[in-house]
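Accompanying notes for the structure given below.
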Amino acid sequence: MDLKRKLSRLSSAGPGSQARGPVNTVAVAPVVEAPAVEARAVAPAAEAIPPVEEAGTTTIAEVLVQALRKRLSMDGEGEPAPGVEAGAPATQAPEEGHAEEGARARADGLVDLREEARRRFAAKQGGATGGAADPRVESLRQMLSFWAERQGTASARKALAPVPEPRALPVEARSTPHGTVHVAEQLYPPEHCHGTAPVAAALDVEARLVAGLALHPELESVDFTRMLMLDTETTGLAGGTGTVPFLVGLGWFEGRSLRVQQLFLRRMGEEAPMLRLLAERMASSSCLVTYNGKSFDWPLLRTRFVLNRVPVPKELPHLDLLHCARRVFKHRGEGARLVHLESKVLGHHRVGDVDGSLIPELYFRFLRGTDGSELVPVLEHNQKDLLLLAALLGDLVRRFQSEGTEQQDPRDLLGFAQVAERAGDAQRALTFAKVAAESGGPVGIEALVLASRLCRRSGDCETAAAHLQRALTFAKPGQGAVLHLSLTKLYEHSLKDLSRALYHARLAAPVELPEDHQLRLERLSRRLSRQGA
C-alpha cells in the first residue's frame, strides 16, 4: 500500500469522520493525547488539507510538511513551529535552477518537523497519567522519516556524481576502394608486456607444440608469424540476424611489433566496407587466433558476410585458445573466463574496465546521438583482449615446452600432462605427471594414476604398480578402493602375481557390485589353489 492510500485511510478513521474536500485532499491523523490532559481541546480525528494546487505544492511530501507544521502550531498553543513565521505558507516552490537545493531543504525540513513532533509528544506523555500513542501516528512518522532520508541521500548522490568529459572516439574515417571505414590503430613495440608475459613471445611458438596443445594436427604446418588475432564486440547475444558486430578488433605482427587495428561501425547499414577490409586481411594471414571464436566470433562474422552479400573469405586454420585454457586450467575449478585467466595466469589486473554486459547498451546510446565518451572504454577493452590473446598464446606454449622444469601450479602441470597424453606425446605427459605428483593430495593421486597408465601402455608394469602403490599413500581412509581395483587387475593380468591380486581384490569391494566382487574373489582363489597344487 502506498503513502497516499495509507493517509487516505487515516483521514476516514474514527467515529463521526466524514469524507470532505476534493479528491486530491490529503488528511493527517492528529496525535492522540493521554486522558489526563483535558484542559486542551483535542482536534478532530482528521483535518482536511487544501488541494495540492491551492497549497502551492507539487509533491505529496510538501503537502505532508504543510499538514505537520499546521498541527504543531495547534499543539504549541499558538506558537508557530520552529523556522515558520505566522501566516507564512508552509512550503514554497523551489526557484528555477535550484532543484537539488530545494529537495535537500525539504528533506531537512521533514527531519526537523519529525524531531519537533516527537519532542512535544514526549512532553505530553510525561504529564499524562496513562494512555498509549496512536500507532497510526507513529507509522506516519516512520514513513516521513524514511522519505526524508531517501530524499537527502538521493540529493547528495546526484550532487556528487561525476560528469564524464565529452571525448571524441579515437577513430578516423579511412577511404577504401569499397567505401569509407572508420578505423582505430595502435602499434605496440616488441618489448611490450601484458602482465608478466611479453606479447612478442607469440612469435616464438613452435607449430608442433601448438598443434598438440590445441589437439589440432592441421596447425602443425601453420606459419605463426602471419597469424591474425580476432575479437569482436557486438550488440548482444540475440543470435541470427539480430546480432551485429559493431567493433572488429584485429591484431597481427609487423616484425616483432604488434599492430592492433579496430574496425568500427558508426551506423547500421555500413557493414559491407568493413567486412571487405576484414576479408583482405584474412587473405594475407596464415591462421586465426581467437578466444571462443569457433563458437561465436567467426560464425557471427560469416553470417554477416552472407547477409551483406559480401563473398565469404576462405576459412583459415583456427586456434581457439578457450579450448586450450579449459583443458590446462580445469583443475583450478575457477572457470576459463578470459579476464580471470588474465589476472590469475598472466598477473595483469584491469582497472576501470567496462563490464561486457553493458557494451551493447553503450553502443545503442551512441546510435541515439550521445557523444563517443562512453564507447572509448569499449575500444580499450577490445585492445586489451587482443593483447591478451598474443600474451596467453606465448605463455601457454612456453609452459608446455618446459615440461615442468619451471615452477608452476601442480594443477596446471596435471592439466598439461593430460593434454600431452591426448596428443599422443607420452614422454612429455609422463614428465609432467611425475612433477605434478610431488604435490600429493588429490592432484598427486590423479597424476600418479596417469603415470601408471602411461607406464603400463609402454610395457613397464612394475613401474606402473609402483606408481599406484605410491598413490595409496596419498589417499585418505576409504578413498583407495579404486586404486586397489587397478592394482588387482595389474597384478592378475600383467604381473601374474595372484596372491597380491587377491589381497587388493578384497580391499576393492566398495567400488564393485557384490556379485562381481564375489566372482572375482572366487576366480582368484581357484587360480591360487591350482597354482599351489
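Chain lettering (A, B, ...) mirrors the order of the C-alpha cells, residue numbering begins at 1 for each chain separately, and ligand numbering begins at 1 in order of display.
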
Can you list, as an mmCIF file with C-alpha atoms, in the first residue's frame, every protein, DNA or RNA residue that comes within 12 Å of region 459-474 of chain A when you count only C-alpha atoms, leaving out same-chain residues fewer than 2 positions away?
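Output saved as around_30.cif:
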```cif
data_model
loop_
_atom_site.group_PDB
_atom_site.id
_atom_site.type_symbol
_atom_site.label_atom_id
_atom_site.label_comp_id
_atom_site.auth_asym_id
_atom_site.auth_seq_id
_atom_site.Cartn_x
_atom_site.Cartn_y
_atom_site.Cartn_z
ATOM 1 C CA LEU A 430 54.866 -38.716 -18.114
ATOM 2 C CA ALA A 433 52.720 -36.222 -14.339
ATOM 3 C CA LYS A 434 55.784 -37.060 -12.251
ATOM 4 C CA ALA A 437 52.718 -35.982 -8.274
ATOM 5 C CA GLU A 438 55.175 -34.288 -5.918
ATOM 6 C CA SER A 439 52.377 -32.113 -4.566
ATOM 7 C CA GLY A 440 50.483 -35.076 -3.104
ATOM 8 C CA GLY A 441 46.803 -34.854 -2.276
ATOM 9 C CA PRO A 442 44.097 -35.376 -4.913
ATOM 10 C CA VAL A 443 46.263 -33.818 -7.641
ATOM 11 C CA GLY A 444 49.147 -36.124 -6.780
ATOM 12 C CA ILE A 445 46.890 -39.184 -6.820
ATOM 13 C CA GLU A 446 45.463 -38.342 -10.236
ATOM 14 C CA ALA A 447 48.939 -37.602 -11.611
ATOM 15 C CA LEU A 448 50.258 -40.964 -10.367
ATOM 16 C CA VAL A 449 47.308 -42.814 -11.867
ATOM 17 C CA LEU A 450 48.072 -41.136 -15.198
ATOM 18 C CA ALA A 451 51.767 -42.035 -14.882
ATOM 19 C CA SER A 452 50.833 -45.637 -14.087
ATOM 20 C CA ARG A 453 48.594 -45.807 -17.146
ATOM 21 C CA LEU A 454 51.369 -44.471 -19.380
ATOM 22 C CA CYS A 455 53.917 -46.929 -17.973
ATOM 23 C CA ARG A 456 51.534 -49.837 -18.429
ATOM 24 C CA ARG A 457 50.970 -48.904 -22.084
ATOM 25 C CA LYS A 476 42.557 -40.825 2.747
ATOM 26 C CA PRO A 477 40.789 -43.698 4.545
ATOM 27 C CA GLY A 478 38.017 -45.039 2.349
ATOM 28 C CA GLN A 479 39.361 -43.404 -0.836
ATOM 29 C CA GLY A 480 41.753 -46.109 -2.026
ATOM 30 C CA ALA A 481 39.265 -48.704 -3.277
ATOM 31 C CA VAL A 482 39.639 -47.610 -6.902
ATOM 32 C CA LEU A 483 43.417 -47.843 -6.619
ATOM 33 C CA HIS A 484 43.134 -51.321 -5.108
ATOM 34 C CA LEU A 485 40.955 -52.421 -8.005
ATOM 35 C CA SER A 486 43.508 -51.124 -10.517
ATOM 36 C CA LEU A 487 46.279 -52.948 -8.683
ATOM 37 C CA THR A 488 44.187 -56.128 -8.664
ATOM 38 C CA LYS A 489 43.862 -56.094 -12.449
ATOM 39 C CA LEU A 490 47.524 -55.175 -12.906
ATOM 40 C CA TYR A 491 48.814 -57.979 -10.683
ATOM 41 C CA GLU A 492 46.408 -60.576 -12.087
ATOM 42 C CA HIS A 493 46.706 -59.937 -15.808
ATOM 43 C CA SER A 494 50.088 -58.262 -16.327
ATOM 44 C CA LEU A 495 52.367 -59.256 -13.458
ATOM 45 C CA LYS A 496 50.747 -62.692 -12.803
ATOM 46 C CA ASP A 497 51.085 -62.231 -9.045
ATOM 47 C CA ARG A 500 48.899 -59.781 -4.421
ATOM 48 C CA ALA A 501 45.946 -59.599 -6.769
ATOM 49 C CA HIS A 504 43.998 -55.963 -3.322
ATOM 50 C CA LEU A 507 40.079 -54.181 -0.449
#
```

Would you kindly return, as a ChimeraX atom specification, each protein, DNA or RNA residue with an atom no farther than 12 Å from any atom of Thr180 (chain A), considering only C-alpha atoms and excluding same-chain residues fewer than 5 positions away?
-> /A:172-175,263-267,270-277

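For the residues A:Ile359, A:Ala423, A:Leu498, A:Val222, ranking by smallest atom-to-atom distance to Leu319 (chain A) using only C-alpha atoms places A:Val222 first.
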
DSSP-assigned strand (DSSP E) members of region 209-385 of chain A, reported as a PyMOL selection string | chain A and resi 227-234+245-254+257-264+287-290+318-320

Please save C-alpha atoms of the selected residues as a PDB file, in the first residue's frame.
```
ATOM      1  CA  MET A 227      48.692 -15.248 -37.599  1.00  0.00           C
ATOM      2  CA  LEU A 228      45.690 -12.942 -37.241  1.00  0.00           C
ATOM      3  CA  MET A 229      44.177 -12.360 -33.798  1.00  0.00           C
ATOM      4  CA  LEU A 230      40.462 -11.587 -33.878  1.00  0.00           C
ATOM      5  CA  ASP A 231      37.989 -10.324 -31.290  1.00  0.00           C
ATOM      6  CA  THR A 232      34.594  -8.669 -31.760  1.00  0.00           C
ATOM      7  CA  GLU A 233      32.245  -6.508 -29.704  1.00  0.00           C
ATOM      8  CA  THR A 234      28.604  -6.972 -30.637  1.00  0.00           C
ATOM      9  CA  PRO A 245      29.470  -6.854 -34.655  1.00  0.00           C
ATOM     10  CA  PHE A 246      29.931  -3.085 -34.365  1.00  0.00           C
ATOM     11  CA  LEU A 247      33.655  -3.396 -33.496  1.00  0.00           C
ATOM     12  CA  VAL A 248      36.005  -5.895 -35.132  1.00  0.00           C
ATOM     13  CA  GLY A 249      39.421  -5.960 -33.461  1.00  0.00           C
ATOM     14  CA  LEU A 250      42.359  -7.364 -35.436  1.00  0.00           C
ATOM     15  CA  GLY A 251      45.954  -7.930 -34.387  1.00  0.00           C
ATOM     16  CA  TRP A 252      48.978  -9.029 -36.409  1.00  0.00           C
ATOM     17  CA  PHE A 253      52.751  -8.770 -36.156  1.00  0.00           C
ATOM     18  CA  GLU A 254      54.903  -6.444 -38.223  1.00  0.00           C
ATOM     19  CA  SER A 257      55.782  -5.269 -33.122  1.00  0.00           C
ATOM     20  CA  LEU A 258      52.078  -5.943 -32.746  1.00  0.00           C
ATOM     21  CA  ARG A 259      49.670  -3.795 -34.736  1.00  0.00           C
ATOM     22  CA  VAL A 260      46.131  -3.560 -33.400  1.00  0.00           C
ATOM     23  CA  GLN A 261      43.505  -2.361 -35.856  1.00  0.00           C
ATOM     24  CA  GLN A 262      39.861  -1.833 -34.873  1.00  0.00           C
ATOM     25  CA  LEU A 263      37.100  -1.504 -37.470  1.00  0.00           C
ATOM     26  CA  PHE A 264      34.193   0.497 -36.052  1.00  0.00           C
ATOM     27  CA  CYS A 287      45.508 -18.667 -39.320  1.00  0.00           C
ATOM     28  CA  LEU A 288      43.007 -17.161 -36.905  1.00  0.00           C
ATOM     29  CA  VAL A 289      43.669 -16.917 -33.157  1.00  0.00           C
ATOM     30  CA  THR A 290      40.590 -16.233 -31.023  1.00  0.00           C
ATOM     31  CA  HIS A 318      41.593 -21.705 -36.398  1.00  0.00           C
ATOM     32  CA  LEU A 319      43.295 -21.770 -32.992  1.00  0.00           C
ATOM     33  CA  ASP A 320      40.691 -21.231 -30.282  1.00  0.00           C
TER      34      ASP A 320
END
```

Who sits within 10 Å of Glu315 (chain A), only C-alpha atoms, same chain under 2 positions skipped, as number ranges by chain | A: 282-283, 287-288, 298, 302, 312-313, 317-318

Would you save the residues of that selection, restricted to C-alpha atoms, as an mmCIF file, in the first residue's frame?
```
data_model
loop_
_atom_site.group_PDB
_atom_site.id
_atom_site.type_symbol
_atom_site.label_atom_id
_atom_site.label_comp_id
_atom_site.auth_asym_id
_atom_site.auth_seq_id
_atom_site.Cartn_x
_atom_site.Cartn_y
_atom_site.Cartn_z
ATOM 1 C CA MET A 282 42.380 -12.686 -43.727
ATOM 2 C CA ALA A 283 43.659 -13.397 -47.230
ATOM 3 C CA CYS A 287 45.508 -18.667 -39.320
ATOM 4 C CA LEU A 288 43.007 -17.161 -36.905
ATOM 5 C CA TRP A 298 33.674 -16.433 -36.662
ATOM 6 C CA ARG A 302 30.367 -15.482 -41.571
ATOM 7 C CA VAL A 312 32.812 -15.172 -47.551
ATOM 8 C CA PRO A 313 36.624 -15.424 -47.300
ATOM 9 C CA PRO A 317 43.096 -22.844 -39.669
ATOM 10 C CA HIS A 318 41.593 -21.705 -36.398
#
```

Between A:Ala197, A:Arg526, A:Asp385, A:Ser221, which is the closest to Leu209 (chain A) once you count only C-alpha atoms?
->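 Under the stated criterion, the closest residue is A:Ser221.
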
Distance criterion (only C-alpha atoms): nearest to Arg422 (chain A) out of A:Gly236, A:Met143, A:His216, A:His182 =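 Comparing A:Gly236, A:Met143, A:His216, A:His182 against Arg422 (chain A), the winner is A:His216.
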
Counting only C-alpha atoms, figure out which residue out of A:Arg256, A:His192, A:Lys314, A:Arg337 gets nearest to Asp204 (chain A).
-> A:Arg256
